[in-house]
$ cat upload_20.txt   # compact mmCIF, C-alpha atoms
# COMPACT_ATOMS: atom_id res chain seq x y z
CA MET Z 1 0.00 0.00 0.00
CA ALA Z 2 1.16 3.51 -0.70
CA GLU Z 3 2.58 5.44 2.24
CA THR Z 4 0.49 8.27 3.61
CA LEU Z 5 1.83 11.78 4.03
CA GLU Z 6 1.85 11.37 7.82
CA ASN Z 7 3.90 8.17 7.59
CA LYS Z 8 6.47 9.93 5.41
CA LYS Z 9 6.69 12.82 7.91
CA ASP Z 10 7.15 10.34 10.78
CA LYS Z 11 9.98 8.63 8.93
CA ALA Z 12 11.70 11.95 8.16
CA ALA Z 13 11.43 13.01 11.81
CA PHE Z 14 12.81 9.67 12.98
CA LYS Z 15 15.76 9.96 10.60
CA ALA Z 16 16.55 13.49 11.81
CA GLU Z 17 16.41 12.38 15.44
CA LYS Z 18 18.71 9.45 14.64
CA MET Z 19 21.29 11.67 12.96
CA ALA Z 20 21.14 14.14 15.87
CA ALA Z 21 21.70 11.31 18.33
CA ILE Z 22 24.69 10.03 16.39
CA LYS Z 23 26.20 13.51 16.27
CA ALA Z 24 25.62 14.01 20.00
CA ALA Z 25 27.28 10.67 20.76
CA ARG Z 26 30.33 11.63 18.70
CA ASN Z 27 30.64 14.99 20.43
CA LYS Z 28 30.31 13.31 23.84
CA ALA Z 29 33.07 10.85 22.94
CA LYS Z 30 35.34 13.68 21.85
CA ALA Z 31 34.67 15.56 25.09
CA ALA Z 32 35.46 12.48 27.15
CA ALA Z 33 38.74 12.14 25.31
CA GLY Z 34 39.62 15.74 26.10
CA LYS Z 35 39.13 16.94 22.58
CA GLU Z 36 37.48 20.22 21.88
CA VAL Z 37 34.05 19.88 20.35
CA ARG Z 38 33.68 22.60 17.81
CA VAL Z 39 30.46 23.41 16.04
CA LEU Z 40 30.97 24.80 12.52
CA SER Z 41 28.77 27.60 11.32
CA PRO Z 42 26.93 27.16 8.01
CA GLU Z 43 29.18 29.77 6.40
CA GLU Z 44 32.33 28.00 7.57
CA LYS Z 45 31.06 24.69 6.24
CA VAL Z 46 30.41 26.19 2.82
CA TYR Z 47 33.76 27.99 2.94
CA LYS Z 48 35.68 24.81 3.77
CA ASN Z 49 33.91 22.84 1.02
CA ALA Z 50 34.69 25.56 -1.52
CA VAL Z 51 38.35 25.74 -0.45
CA ALA Z 52 38.60 21.95 -0.71
CA LEU Z 53 37.31 22.16 -4.27
CA MET Z 54 39.90 24.81 -5.14
CA GLU Z 55 42.73 22.68 -3.77
CA ALA Z 56 41.46 19.51 -5.45
CA VAL Z 57 41.87 21.04 -8.89
CA ASP Z 58 45.65 20.68 -8.77
CA CYS Z 59 45.41 16.97 -9.61
CA VAL Z 60 42.88 17.43 -12.43
CA GLU Z 61 44.20 17.22 -16.02
CA ARG Z 62 41.21 17.84 -18.31
CA PHE Z 63 40.43 21.53 -18.64
CA GLU Z 64 36.70 20.81 -18.72
CA LYS Z 65 36.91 19.30 -15.24
CA VAL Z 66 38.95 22.28 -13.98
CA TYR Z 67 36.33 24.59 -15.46
CA SER Z 68 33.51 22.67 -13.81
CA ILE Z 69 35.19 22.45 -10.39
CA MET Z 70 36.18 26.12 -10.31
CA ASN Z 71 32.71 27.23 -11.31
CA SER Z 72 31.22 25.00 -8.61
CA ALA Z 73 33.60 26.46 -6.02
CA ALA Z 74 32.80 30.00 -7.20
CA LYS Z 75 29.10 29.34 -6.69
CA LYS Z 76 29.78 28.18 -3.15
CA PHE Z 77 31.85 31.29 -2.36
CA ASN Z 78 29.09 33.39 -3.89
CA LYS Z 79 26.67 32.01 -1.29
CA ILE Z 80 28.80 33.43 1.57
CA GLN Z 81 29.71 36.86 0.18
CA GLY Z 82 31.65 38.93 2.67
CA TYR Z 83 32.80 35.92 4.71
CA LEU Z 84 36.59 35.97 5.22
CA ASP Z 85 38.19 36.08 1.75
CA ALA Z 86 35.25 34.38 0.00
CA ASP Z 87 34.85 37.23 -2.48
CA GLU Z 88 38.53 37.17 -3.45
CA ARG Z 89 38.49 33.39 -3.75
CA ARG Z 90 35.35 33.49 -5.89
CA GLN Z 91 37.03 35.89 -8.31
CA LYS Z 92 40.13 33.70 -8.32
CA CYS Z 93 38.03 30.62 -9.14
CA LEU Z 94 36.41 32.35 -12.11
CA GLU Z 95 39.82 33.47 -13.40
CA ILE Z 96 41.21 29.95 -13.09
CA ALA Z 97 38.15 28.56 -14.92
CA ASP Z 98 38.49 31.07 -17.77
CA LYS Z 99 42.22 30.45 -18.07
CA ALA Z 100 41.68 26.69 -18.05
CA VAL Z 101 39.24 27.00 -20.95
CA LYS Z 102 41.42 29.45 -22.89
CA ASP Z 103 44.65 27.47 -22.51
CA GLY Z 104 42.97 24.08 -22.60
CA THR Z 105 41.03 24.59 -25.81
CA ALA Z 106 44.09 25.98 -27.60
CA GLU Z 107 46.24 23.08 -26.40
CA VAL Z 108 43.64 20.44 -27.24
CA PHE Z 109 43.03 22.00 -30.68
CA GLU Z 110 46.75 21.88 -31.55
CA LEU Z 111 46.97 18.34 -30.19
CA ALA Z 112 43.98 17.32 -32.32
CA VAL Z 113 45.52 18.90 -35.45
CA GLN Z 114 48.75 17.00 -34.89
CA ARG Z 115 46.85 13.79 -34.21
CA GLN Z 116 44.93 14.25 -37.44
CA LYS Z 117 48.12 14.76 -39.46
CA GLN Z 118 49.71 11.65 -37.95
CA SER Z 119 46.58 9.50 -38.10
CA LYS Z 120 47.12 6.04 -39.53
CA THR Z 121 44.19 4.20 -38.01
CA LYS Z 122 40.49 4.81 -37.57
CA SER Z 123 40.93 5.23 -33.80
CA ASP Z 124 43.47 8.03 -34.40
CA TYR Z 125 40.89 9.96 -36.39
CA VAL Z 126 38.21 9.24 -33.79
CA ASP Z 127 40.45 10.65 -31.04
CA ALA Z 128 41.12 13.77 -33.11
CA ILE Z 129 37.38 14.23 -33.76
CA GLU Z 130 36.64 13.90 -30.04
CA ASN Z 131 39.17 16.64 -29.23
CA PHE Z 132 37.79 18.96 -31.92
CA LYS Z 133 34.33 18.43 -30.43
CA ARG Z 134 35.71 19.34 -26.99
CA CYS Z 135 36.93 22.64 -28.44
CA LYS Z 136 33.62 23.29 -30.21
CA LYS Z 137 31.76 22.81 -26.94
CA PHE Z 138 33.56 25.90 -25.60
CA LYS Z 139 33.09 27.93 -28.85
CA TYR Z 140 36.74 27.67 -29.84
CA ASN Z 141 37.47 27.91 -33.61
CA ILE Z 142 34.08 26.42 -34.44
CA GLU Z 143 34.41 26.67 -38.22
CA GLU Z 144 37.95 25.27 -38.23
CA CYS Z 145 36.85 22.45 -35.92
CA ASP Z 146 33.99 21.59 -38.29
CA GLU Z 147 36.39 21.53 -41.24
CA HIS Z 148 38.87 19.29 -39.42
CA ILE Z 149 36.09 16.98 -38.27
CA SER Z 150 34.92 16.70 -41.88
CA GLN Z 151 38.47 15.88 -43.01
CA CYS Z 152 38.80 13.25 -40.28
CA LYS Z 153 35.55 11.62 -41.36
CA LYS Z 154 36.83 11.52 -44.95
CA GLY Z 155 40.04 9.97 -43.64
CA ILE Z 156 38.00 7.31 -41.85
CA ALA Z 157 35.98 6.66 -45.00
CA LYS Z 158 39.19 6.34 -47.00
CA LEU Z 159 40.64 3.88 -44.50
CA GLU Z 160 37.42 1.89 -44.54
CA THR Z 161 37.53 1.81 -48.35
CA LYS Z 162 41.13 0.61 -48.28
CA ALA Z 163 40.20 -1.98 -45.69
CA ALA Z 164 37.33 -3.13 -47.88
CA TYR Z 165 39.65 -3.57 -50.86
CA LYS Z 166 42.15 -5.31 -48.65
CA ARG Z 167 39.47 -7.72 -47.47
CA ARG Z 168 38.46 -8.36 -51.05
CA GLY Z 169 42.07 -9.10 -51.90
CA ILE Z 170 42.33 -11.58 -49.04
CA VAL Z 171 39.11 -13.27 -50.10
CA ALA Z 172 40.35 -13.39 -53.68
CA ALA Z 173 43.62 -14.99 -52.54
CA CYS Z 174 41.70 -17.67 -50.66
CA PHE Z 175 39.64 -18.38 -53.72
CA VAL Z 176 42.79 -18.77 -55.80
CA LEU Z 177 43.99 -21.51 -53.47
CA LEU Z 178 40.70 -23.33 -53.69
CA ILE Z 179 40.29 -22.84 -57.41
CA VAL Z 180 43.23 -25.14 -58.14
CA LEU Z 181 40.77 -27.98 -57.61
CA PHE Z 182 38.61 -26.84 -60.50
CA LEU Z 183 40.83 -24.89 -62.90
CA GLN Z 184 38.66 -25.85 -65.83
CA THR Z 185 35.57 -24.15 -64.42
CA PRO Z 186 34.51 -20.52 -65.10
CA ALA Z 187 35.20 -19.76 -61.44
CA TYR Z 188 38.97 -19.65 -62.02
CA PRO Z 189 39.08 -16.68 -64.43
CA MET Z 190 36.33 -15.07 -62.34
CA VAL Z 191 38.52 -15.18 -59.21
CA LYS Z 192 41.48 -13.86 -61.17
CA GLY Z 193 39.30 -11.00 -62.35
CA VAL Z 194 38.32 -10.09 -58.80
CA TYR Z 195 41.97 -10.13 -57.75
CA HIS Z 196 43.17 -8.02 -60.66
CA GLN Z 197 40.31 -5.59 -60.15
CA SER Z 198 41.29 -5.14 -56.49
CA GLN Z 199 44.82 -4.36 -57.70
CA GLY Z 200 43.58 -1.72 -60.12
CA LYS Z 201 44.54 -3.81 -63.17
CA TYR Z 202 41.22 -3.22 -64.84
CA LYS Z 203 42.02 -4.30 -68.41
CA LEU Z 204 43.41 -7.59 -67.21
CA ALA Z 205 40.38 -8.02 -64.94
CA ILE Z 206 38.05 -7.43 -67.89
CA ALA Z 207 39.86 -10.10 -69.91
CA ASN Z 208 39.42 -12.52 -66.99
CA TYR Z 209 35.72 -11.72 -66.66
CA LYS Z 210 35.18 -12.29 -70.38
CA GLU Z 211 37.00 -15.61 -70.12
CA SER Z 212 34.63 -16.62 -67.33
CA GLY Z 213 31.66 -16.11 -69.63
CA GLY Z 214 29.80 -13.86 -67.20
CA PHE Z 215 30.08 -16.26 -64.26
CA LEU Z 216 28.33 -14.97 -61.11
CA VAL Z 217 29.02 -11.21 -60.78
CA ALA Z 218 31.53 -11.05 -63.64
CA ASN Z 219 29.36 -8.84 -65.86
CA GLY Z 220 28.71 -6.33 -63.07
CA ASN Z 221 32.38 -6.21 -62.08
CA MET Z 222 33.38 -5.78 -65.72
CA LYS Z 223 31.21 -2.67 -65.94
CA LYS Z 224 32.88 -1.30 -62.82
CA CYS Z 225 36.28 -1.85 -64.46
CA TYR Z 226 35.16 0.00 -67.59
CA TYR Z 227 34.02 2.87 -65.36
CA HIS Z 228 37.39 3.17 -63.64
CA ILE Z 229 39.22 2.99 -66.98
CA GLY Z 230 36.95 5.80 -68.16
CA LEU Z 231 37.93 7.90 -65.15
CA LYS Z 232 41.62 7.45 -65.94
CA LYS Z 233 41.16 8.29 -69.62
CA GLU Z 234 39.08 11.35 -68.82
CA LYS Z 235 41.70 12.58 -66.36
CA LYS Z 236 44.34 12.29 -69.09
CA GLY Z 237 42.16 14.22 -71.55
CA LYS Z 238 41.49 11.17 -73.74
CA TYR Z 239 37.80 11.93 -73.97
CA LYS Z 240 36.86 9.63 -76.83
CA SER Z 241 38.37 6.62 -75.08
CA ALA Z 242 36.76 7.73 -71.81
CA LEU Z 243 33.36 7.97 -73.52
CA ILE Z 244 33.65 4.49 -74.99
CA ASN Z 245 34.46 3.04 -71.56
CA TYR Z 246 31.66 4.94 -69.83
CA LYS Z 247 29.26 3.54 -72.42
CA LYS Z 248 30.45 0.03 -71.63
CA ALA Z 249 30.02 0.76 -67.92
CA GLU Z 250 26.32 1.43 -68.67
CA THR Z 251 24.57 2.54 -65.45
CA LYS Z 252 27.41 1.92 -62.98
CA TYR Z 253 28.02 4.82 -60.61
CA ASP Z 254 27.70 8.15 -62.49
CA ALA Z 255 28.82 6.74 -65.84
CA PRO Z 256 25.69 7.96 -67.71
CA ALA Z 257 26.21 11.53 -66.47
CA ARG Z 258 29.91 11.55 -67.35
CA ALA Z 259 29.22 10.04 -70.78
CA ALA Z 260 26.55 12.65 -71.54
CA LYS Z 261 28.92 15.51 -70.67
CA ILE Z 262 31.59 14.17 -73.01
CA GLU Z 263 29.02 13.61 -75.77
CA LYS Z 264 27.88 17.19 -75.36
CA LYS Z 265 31.50 18.38 -75.59
CA PHE Z 266 32.05 16.56 -78.91
CA ILE Z 267 28.69 17.68 -80.33
CA THR Z 268 29.45 21.29 -79.34
CA GLU Z 269 32.77 21.16 -81.20
CA ALA Z 270 31.49 19.26 -84.26
CA ALA Z 271 30.74 20.87 -87.63
CA PRO Z 272 28.08 19.75 -90.13
CA GLY Z 273 29.21 16.50 -91.71
CA ASN Z 274 31.12 15.35 -88.61
CA VAL Z 275 30.15 12.10 -86.90
CA VAL Z 276 29.61 11.99 -83.14
CA ILE Z 277 28.49 9.41 -80.58
CA PHE Z 278 25.12 9.84 -78.90
CA GLY Z 279 23.32 7.10 -77.03
CA THR Z 280 24.23 3.73 -78.52
CA ALA Z 281 24.98 4.87 -82.08
CA ASN Z 282 26.94 7.25 -84.28
CA TRP Z 283 25.18 10.35 -85.58
CA VAL Z 284 26.09 12.79 -88.34
CA ILE Z 285 25.73 16.51 -87.68
CA LEU Z 286 23.43 18.04 -90.30
CA ASP Z 287 23.05 21.62 -89.11
CA ARG Z 288 23.58 23.94 -86.17
CA THR Z 289 21.93 27.26 -85.40
CA SER Z 290 23.27 30.42 -83.82
CA ASP Z 291 21.21 29.84 -80.67
CA GLY Z 292 22.84 26.50 -79.86
CA LYS Z 293 20.49 24.06 -81.58
CA VAL Z 294 21.99 21.07 -83.41
CA LEU Z 295 20.23 18.81 -85.93
CA MET Z 296 21.58 15.24 -86.06
CA MET Z 297 20.72 12.09 -87.98
CA LYS Z 298 21.76 8.47 -87.46
CA GLU Z 299 24.90 7.72 -89.46
CA LYS Z 300 23.49 4.36 -90.51
CA VAL Z 301 19.99 3.09 -91.18
CA GLY Z 302 18.40 1.24 -88.31
CA LYS Z 303 15.65 -1.23 -87.51
CA LYS Z 304 13.25 -2.50 -90.14
CA LYS Z 305 9.78 -1.30 -89.24
CA ARG Z 306 6.53 -0.82 -91.15
CA PHE Z 307 5.47 2.84 -91.27
CA SER Z 308 1.77 2.61 -90.45
CA MET Z 309 -0.27 1.15 -87.62
CA GLU Z 310 -1.82 -2.15 -88.72
CA GLU Z 311 -5.36 -1.00 -87.98
CA THR Z 312 -5.19 2.28 -89.95
CA GLU Z 313 -2.72 1.84 -92.84
CA SER Z 314 -2.42 5.64 -92.71
CA ASN Z 315 0.44 7.56 -94.27
CA ASP Z 316 0.12 10.33 -91.66
CA TRP Z 317 3.34 10.60 -89.67
CA TYR Z 318 1.49 11.60 -86.50
CA GLU Z 319 -0.59 8.43 -86.60
CA SER Z 320 2.26 6.15 -87.62
CA LYS Z 321 3.76 3.14 -85.91
CA ALA Z 322 7.22 4.45 -86.82
CA ARG Z 323 6.71 7.65 -84.83
CA ARG Z 324 5.26 5.75 -81.87
CA TRP Z 325 8.15 3.24 -81.78
CA LEU Z 326 10.84 5.92 -82.04
CA ASN Z 327 9.36 7.85 -79.12
CA THR Z 328 8.55 4.97 -76.78
CA LYS Z 329 10.67 1.81 -76.95
CA GLN Z 330 13.57 3.57 -78.65
CA LEU Z 331 13.94 5.96 -75.68
CA LYS Z 332 15.35 3.13 -73.56
CA LYS Z 333 18.64 3.44 -75.45
CA TYR Z 334 19.29 6.90 -74.00
CA SER Z 335 20.05 7.96 -70.44
CA ASP Z 336 18.12 10.68 -68.66
CA ASN Z 337 21.27 12.82 -68.90
CA GLU Z 338 21.29 12.49 -72.70
CA MET Z 339 17.56 13.05 -73.03
CA ALA Z 340 17.97 16.35 -71.16
CA LEU Z 341 19.61 17.71 -74.35
CA VAL Z 342 16.97 16.51 -76.81
CA VAL Z 343 14.46 19.14 -77.88
CA VAL Z 344 10.81 18.05 -77.86
CA GLN Z 345 9.24 18.76 -81.25
CA ASN Z 346 5.63 18.59 -80.08
CA TYR Z 347 3.23 16.62 -77.91
CA ILE Z 348 1.08 14.15 -79.80
CA LYS Z 349 -2.07 12.32 -78.84
CA SER Z 350 -1.82 8.58 -79.08
CA ALA Z 351 -4.53 6.13 -80.04
CA GLN Z 352 -5.33 5.88 -76.31
CA ASP Z 353 -5.90 9.64 -76.27
CA ASP Z 354 -2.99 10.45 -73.96
CA LYS Z 355 -0.18 12.85 -74.83
CA PHE Z 356 3.53 12.14 -74.99
CA PRO Z 357 6.50 14.13 -76.37
CA GLU Z 358 8.06 13.58 -79.77
CA TYR Z 359 11.85 13.53 -79.46
CA PHE Z 360 12.90 11.57 -82.55
CA PHE Z 361 11.55 11.82 -86.07
CA GLU Z 362 12.21 10.93 -89.70
CA LEU Z 363 13.32 13.77 -92.00
CA SER Z 364 10.87 15.59 -94.23
CA LYS Z 365 11.48 15.84 -97.98
CA ASP Z 366 12.63 19.46 -97.66
CA GLU Z 367 15.05 18.55 -94.90
CA TYR Z 368 16.43 15.64 -96.92
CA ASP Z 369 16.90 17.81 -100.00
CA LYS Z 370 18.67 20.44 -97.90
CA TYR Z 371 21.14 18.06 -96.25
CA LYS Z 372 21.44 15.18 -98.72
CA ASP Z 373 24.95 16.21 -99.74
CA ILE Z 374 26.26 15.51 -96.22
CA ILE Z 375 23.99 12.59 -95.33
CA PRO Z 376 25.96 9.31 -95.69
CA ALA Z 377 24.42 6.92 -98.19
CA GLY Z 378 22.22 4.29 -96.57
CA GLU Z 379 22.85 0.59 -97.07
CA GLY Z 380 19.12 0.02 -97.48
CA VAL Z 381 15.90 1.88 -98.13
CA TYR Z 382 14.74 4.09 -95.26
CA TRP Z 383 11.61 6.12 -94.50
CA LEU Z 384 11.07 9.85 -94.61
CA LYS Z 385 7.94 11.23 -92.98
CA GLU Z 386 6.74 12.84 -96.24
CA LYS Z 387 3.56 11.55 -97.89
CA ALA Z 388 3.90 10.29 -101.47
CA GLN Z 389 1.34 10.84 -104.22
CA ASN Z 390 -0.61 7.69 -103.46
CA PRO Z 391 -2.61 7.71 -100.18
CA ASN Z 392 -1.01 4.52 -98.92
CA GLU Z 393 2.60 5.49 -99.64
CA ILE Z 394 5.44 7.40 -97.96
CA LEU Z 395 8.53 8.78 -99.64
CA CYS Z 396 11.62 6.67 -99.00
CA VAL Z 397 15.31 7.25 -99.71
CA GLN Z 398 16.78 4.59 -101.96
CA PRO Z 399 20.40 3.37 -101.64
CA ASP Z 400 21.36 5.63 -104.60
CA GLY Z 401 19.87 8.68 -102.85
CA THR Z 402 16.75 9.03 -104.99
CA LEU Z 403 13.26 9.31 -103.50
CA LYS Z 404 10.49 6.85 -104.20
CA GLY Z 405 7.05 6.16 -102.68
CA GLU Z 406 6.73 2.90 -100.76
CA ASP Z 407 3.68 1.21 -99.26
CA VAL Z 408 3.17 2.12 -95.59
CA SER Z 409 2.78 -1.57 -94.65
CA ASN Z 410 6.16 -2.59 -96.07
CA GLY Z 411 8.04 -4.22 -93.19
CA GLU Z 412 11.39 -4.38 -95.01
CA ILE Z 413 12.08 -0.63 -94.99
CA GLN Z 414 14.29 0.77 -92.28
CA LEU Z 415 14.10 3.72 -89.90
CA ARG Z 416 16.76 6.42 -89.79
CA GLN Z 417 15.85 8.84 -87.09
CA ALA Z 418 16.88 12.46 -86.53
CA CYS Z 419 16.61 14.82 -83.58
CA TRP Z 420 17.33 18.35 -82.46
CA LEU Z 421 19.62 18.98 -79.46
CA ASP Z 422 20.01 22.13 -77.42
CA ILE Z 423 23.65 22.28 -76.33
CA ASN Z 424 22.91 25.22 -74.04
CA ARG Z 425 21.13 22.80 -71.71
CA SER Z 426 22.85 20.98 -68.87
CA THR Z 427 23.20 17.22 -68.82
CA ASP Z 428 22.82 17.22 -65.03
CA ILE Z 429 19.56 15.72 -63.86
CA THR Z 430 17.49 17.73 -61.40
CA SER Z 431 13.98 17.26 -60.08
CA GLU Z 432 12.78 19.86 -62.58
CA THR Z 433 14.52 18.08 -65.46
CA LYS Z 434 12.82 14.81 -64.58
CA LYS Z 435 9.45 16.53 -64.68
$ encode --input "upload_20.txt" --output "structure tokens"
Amino acid sequence: MAETLENKKDKAAFKAEKMAAIKAARNKAKAAAGKEVRVLSPEEKVYKNAVALMEAVDCVERFEKVYSIMNSAAKKFNKIQGYLDADERRQKCLEIADKAVKDGTAEVFELAVQRQKQSKTKSDYVDAIENFKRCKKFKYNIEECDEHISQCKKGIAKLETKAAYKRRGIVAACFVLLIVLFLQTPAYPMVKGVYHQSQGKYKLAIANYKESGGFLVANGNMKKCYYHIGLKKEKKGKYKSALINYKKAETKYDAPARAAKIEKKFITEAAPGNVVIFGTANWVILDRTSDGKVLMMKEKVGKKKRFSMEETESNDWYESKARRWLNTKQLKKYSDNEMALVVVQNYIKSAQDDKFPEYFFELSKDEYDKYKDIIPAGEGVYWLKEKAQNPNEILCVQPDGTLKGEDVSNGEIQLRQACWLDINRSTDITSETKK
């Protein structure tokens, strides 16, 4: 049952009486022994406690503890203002506390900086971070402390990365020992690839992964190797080689973004008639405008595709199967970073009555006539988007460059798409770009 208020009061009174009895017994014993029994005043008790705190600080090393003890002593002296030298001691305590913080933070900061410079292990960086945090707590060089803490964290991350690669190397070495038992299996070149990759020998690793025939994670690791080769080539200014390797890396890390930036660089520098890489194919530059727009066309003819939808047999480009395919399934060949450069021609309603943008298109007759001198000859017949004289025909470019109407249902004629790019746009993807 819960205690009542009266019971609690009775217990408190009993405890006080007990303590008084014990104190009286001690004083009586001292008197019997001839010792003087002295009763301390409240002020003297506080004074003695405060003085004891002041003297205890001599064996304290951490400046925070000195600061805390001196402030505690100062508060005690403040309670007995005017008693003996309490006021002078209070002021002395505050001065010692301030000096402890001033000297301590400076000393700890320098110690932390040195520890950071000499750090070889994760614990070294952790110790340095802890000391920088101690300084920050007392408002000492806050911005510098934040910068050093950030550097220490990067150092830790770097060590952890090295440790991760080291662990991979150890695992790879163990696999090599075991692989002797089954040298004829795809696992052997796979293990060699992992080992060479951990050593930064990316070309050799790629050769091993290819030899393994895509065993386990070989394909994914191969793409990582292509990415790192791309980084090296880009750093050396070998942009074409870097682009090729980023393309092989596909979606690993930020390979699509890096590839798009290099593509944009080449397209920006290219003149009409030059061939550039964009997406998964080569394109020929047909024209460029003063406001940064570039018209490109596939260097070679592409997929065979009938022009019209089966249910309509229409020769209207906007209702065609060719237009729909180029602006739906074909988009998968381009990264979001690349698509950020492509200029939307218009928004077209589909058969399902929803709208979607038109990025890629076949040339019109006027456009073909204008640029035919720099358009490479096609190996086969390819569509334009221009209607022919007959209602079921579309103009097509023959291998010799002449134009001829072909039936819209002909499934043996190829596509050869074009597009407009705006090289003033950024290839970086933002939330607005995605919208």
$ residues_around --input "upload_20.txt" --residues "Pro189 (chain Z)" --least-positions-apart "4" --cutoff "7 Å" --atoms "only C-alpha atoms" --output "MDAnalysis selection string"
chainID Z and resid 193 208:209 211:212
$ atom_distance --input "upload_20.txt" --atom1 "CA of Ala207 (chain Z)" --atom2 "CA of Lys162 (chain Z)"
24.2 Å
$ closest_residue --input "upload_20.txt" --among "Z:Lys293, Z:Lys235, Z:Lys332, Z:Lys192" --to "Cys419 (chain Z)" --atoms "all atoms listed in the file"
Z:Lys293
$ residues_around --input "upload_20.txt" --residues "Glu130 (chain Z)" --least-positions-apart "2" --cutoff "12 Å" --atoms "all atoms listed in the file" --output "ChimeraX atom specification"
/Z:108-109,111-113,115-116,123-128,132-137,145-146,148-149,152-153
$ closest_atom_pairs --input "upload_20.txt" --of "region 264-319 of chain Z" --to "region 411-417 of chain Z" --cutoff "8 Å" --atoms "only C-alpha atoms" --output "tab-separated table"
residue	atom	partner	partner_atom	distance
Z:Met297	CA	Z:Gln417	CA	5.9
Z:Lys298	CA	Z:Arg416	CA	5.9
Z:Lys300	CA	Z:Arg416	CA	7.1
Z:Val301	CA	Z:Arg416	CA	4.8
Z:Gly302	CA	Z:Leu415	CA	5.2
Z:Lys303	CA	Z:Gln414	CA	5.3
Z:Lys304	CA	Z:Gln414	CA	4.0
Z:Lys305	CA	Z:Gly411	CA	5.2
Z:Arg306	CA	Z:Gly411	CA	4.2
Z:Phe307	CA	Z:Gly411	CA	7.8
$ closest_residue --input "upload_20.txt" --among "Z:Tyr347, Z:Phe356, Z:Trp383, Z:Tyr334" --to "Tyr368 (chain Z)" --atoms "all atoms listed in the file"
Z:Trp383
$ residues_around --input "upload_20.txt" --residues "Ile423 (chain Z)" --least-positions-apart "4" --cutoff "7 Å" --atoms "all atoms listed in the file" --output "list of chain:residue names"
Z:Lys264, Z:Thr268, Z:Gly292, Z:Lys293, Z:Leu341
$ residues_around --input "upload_20.txt" --residues "Ile277 (chain Z)" --least-positions-apart "3" --cutoff "9 Å" --atoms "only C-alpha atoms" --output "list in words"
Leu243, Glu263, Phe266, Ile267, Thr280, Ala281, Asn282, Trp283 and Val284 of chain Z
$ axis_aligned_box --input "upload_20.txt" --around "region 143-162 of chain Z" --padding-each-side "8 Å" --output "JSON"
{"center_x": 37.6, "center_y": 13.6, "center_z": -42.1, "size_x": 23.1, "size_y": 42.1, "size_z": 28.4}
$ atom_distance --input "upload_20.txt" --atom1 "CA of Val217 (chain Z)" --atom2 "CA of Ile156 (chain Z)"
28.0 Å
$ residues_around --input "upload_20.txt" --residues "Cys225 (chain Z)" --least-positions-apart "4" --cutoff "12 Å" --atoms "all atoms listed in the file" --output "number ranges by chain"
Z: 193-194, 196-209, 218-221, 229-232, 245-250, 252-253, 255
$ residues_near_point --input "upload_20.txt" --point "(34.8, 26.5, -11.2)" --cutoff "9 Å" --atoms "only C-alpha atoms" --output "compact mmCIF listing (two decimals) with C-alpha atoms, keeping the file's coordinate frame"
# COMPACT_ATOMS: atom_id res chain seq x y z
CA LEU Z 53 37.31 22.16 -4.27
CA MET Z 54 39.90 24.81 -5.14
CA LYS Z 65 36.91 19.30 -15.24
CA VAL Z 66 38.95 22.28 -13.98
CA TYR Z 67 36.33 24.59 -15.46
CA SER Z 68 33.51 22.67 -13.81
CA ILE Z 69 35.19 22.45 -10.39
CA MET Z 70 36.18 26.12 -10.31
CA ASN Z 71 32.71 27.23 -11.31
CA SER Z 72 31.22 25.00 -8.61
CA ALA Z 73 33.60 26.46 -6.02
CA ALA Z 74 32.80 30.00 -7.20
CA LYS Z 75 29.10 29.34 -6.69
CA ARG Z 90 35.35 33.49 -5.89
CA CYS Z 93 38.03 30.62 -9.14
CA LEU Z 94 36.41 32.35 -12.11
CA GLU Z 95 39.82 33.47 -13.40
CA ILE Z 96 41.21 29.95 -13.09
CA ALA Z 97 38.15 28.56 -14.92
CA ASP Z 98 38.49 31.07 -17.77
$ closest_residue --input "upload_20.txt" --among "Z:Lys329, Z:Arg323, Z:His228, Z:Lys355" --to "Leu384 (chain Z)" --atoms "only C-alpha atoms"
Z:Arg323
$ closest_residue --input "upload_20.txt" --among "Z:Lys122, Z:Lys387, Z:Lys372, Z:Arg324" --to "Ala157 (chain Z)" --atoms "only C-alpha atoms"
Z:Lys122
$ atom_distance --input "upload_20.txt" --atom1 "CA of Ser409 (chain Z)" --atom2 "CA of Ser364 (chain Z)"
19.0 Å
$ closest_residue --input "upload_20.txt" --among "Z:Gly169, Z:Ala100, Z:Lys158, Z:Lys265" --to "Val60 (chain Z)" --atoms "all atoms listed in the file"
Z:Ala100
$ build_atoms --input "upload_20.txt" --residues "region 279-283 of chain Z" --atoms "N, CA and C atoms" --output "compact mmCIF listing (two decimals), in the frame of the given file"
# COMPACT_ATOMS: atom_id res chain seq x y z
N GLY Z 279 24.06 8.31 -77.37
CA GLY Z 279 23.32 7.10 -77.03
C GLY Z 279 24.13 5.88 -77.39
N THR Z 280 23.54 4.98 -78.16
CA THR Z 280 24.23 3.73 -78.52
C THR Z 280 24.66 3.70 -79.99
N ALA Z 281 24.67 4.86 -80.65
CA ALA Z 281 24.98 4.87 -82.08
C ALA Z 281 25.79 6.11 -82.46
N ASN Z 282 26.27 6.08 -83.70
CA ASN Z 282 26.94 7.25 -84.28
C ASN Z 282 25.91 8.10 -85.02
N TRP Z 283 26.08 9.40 -84.92
CA TRP Z 283 25.18 10.35 -85.58
C TRP Z 283 26.01 11.32 -86.42
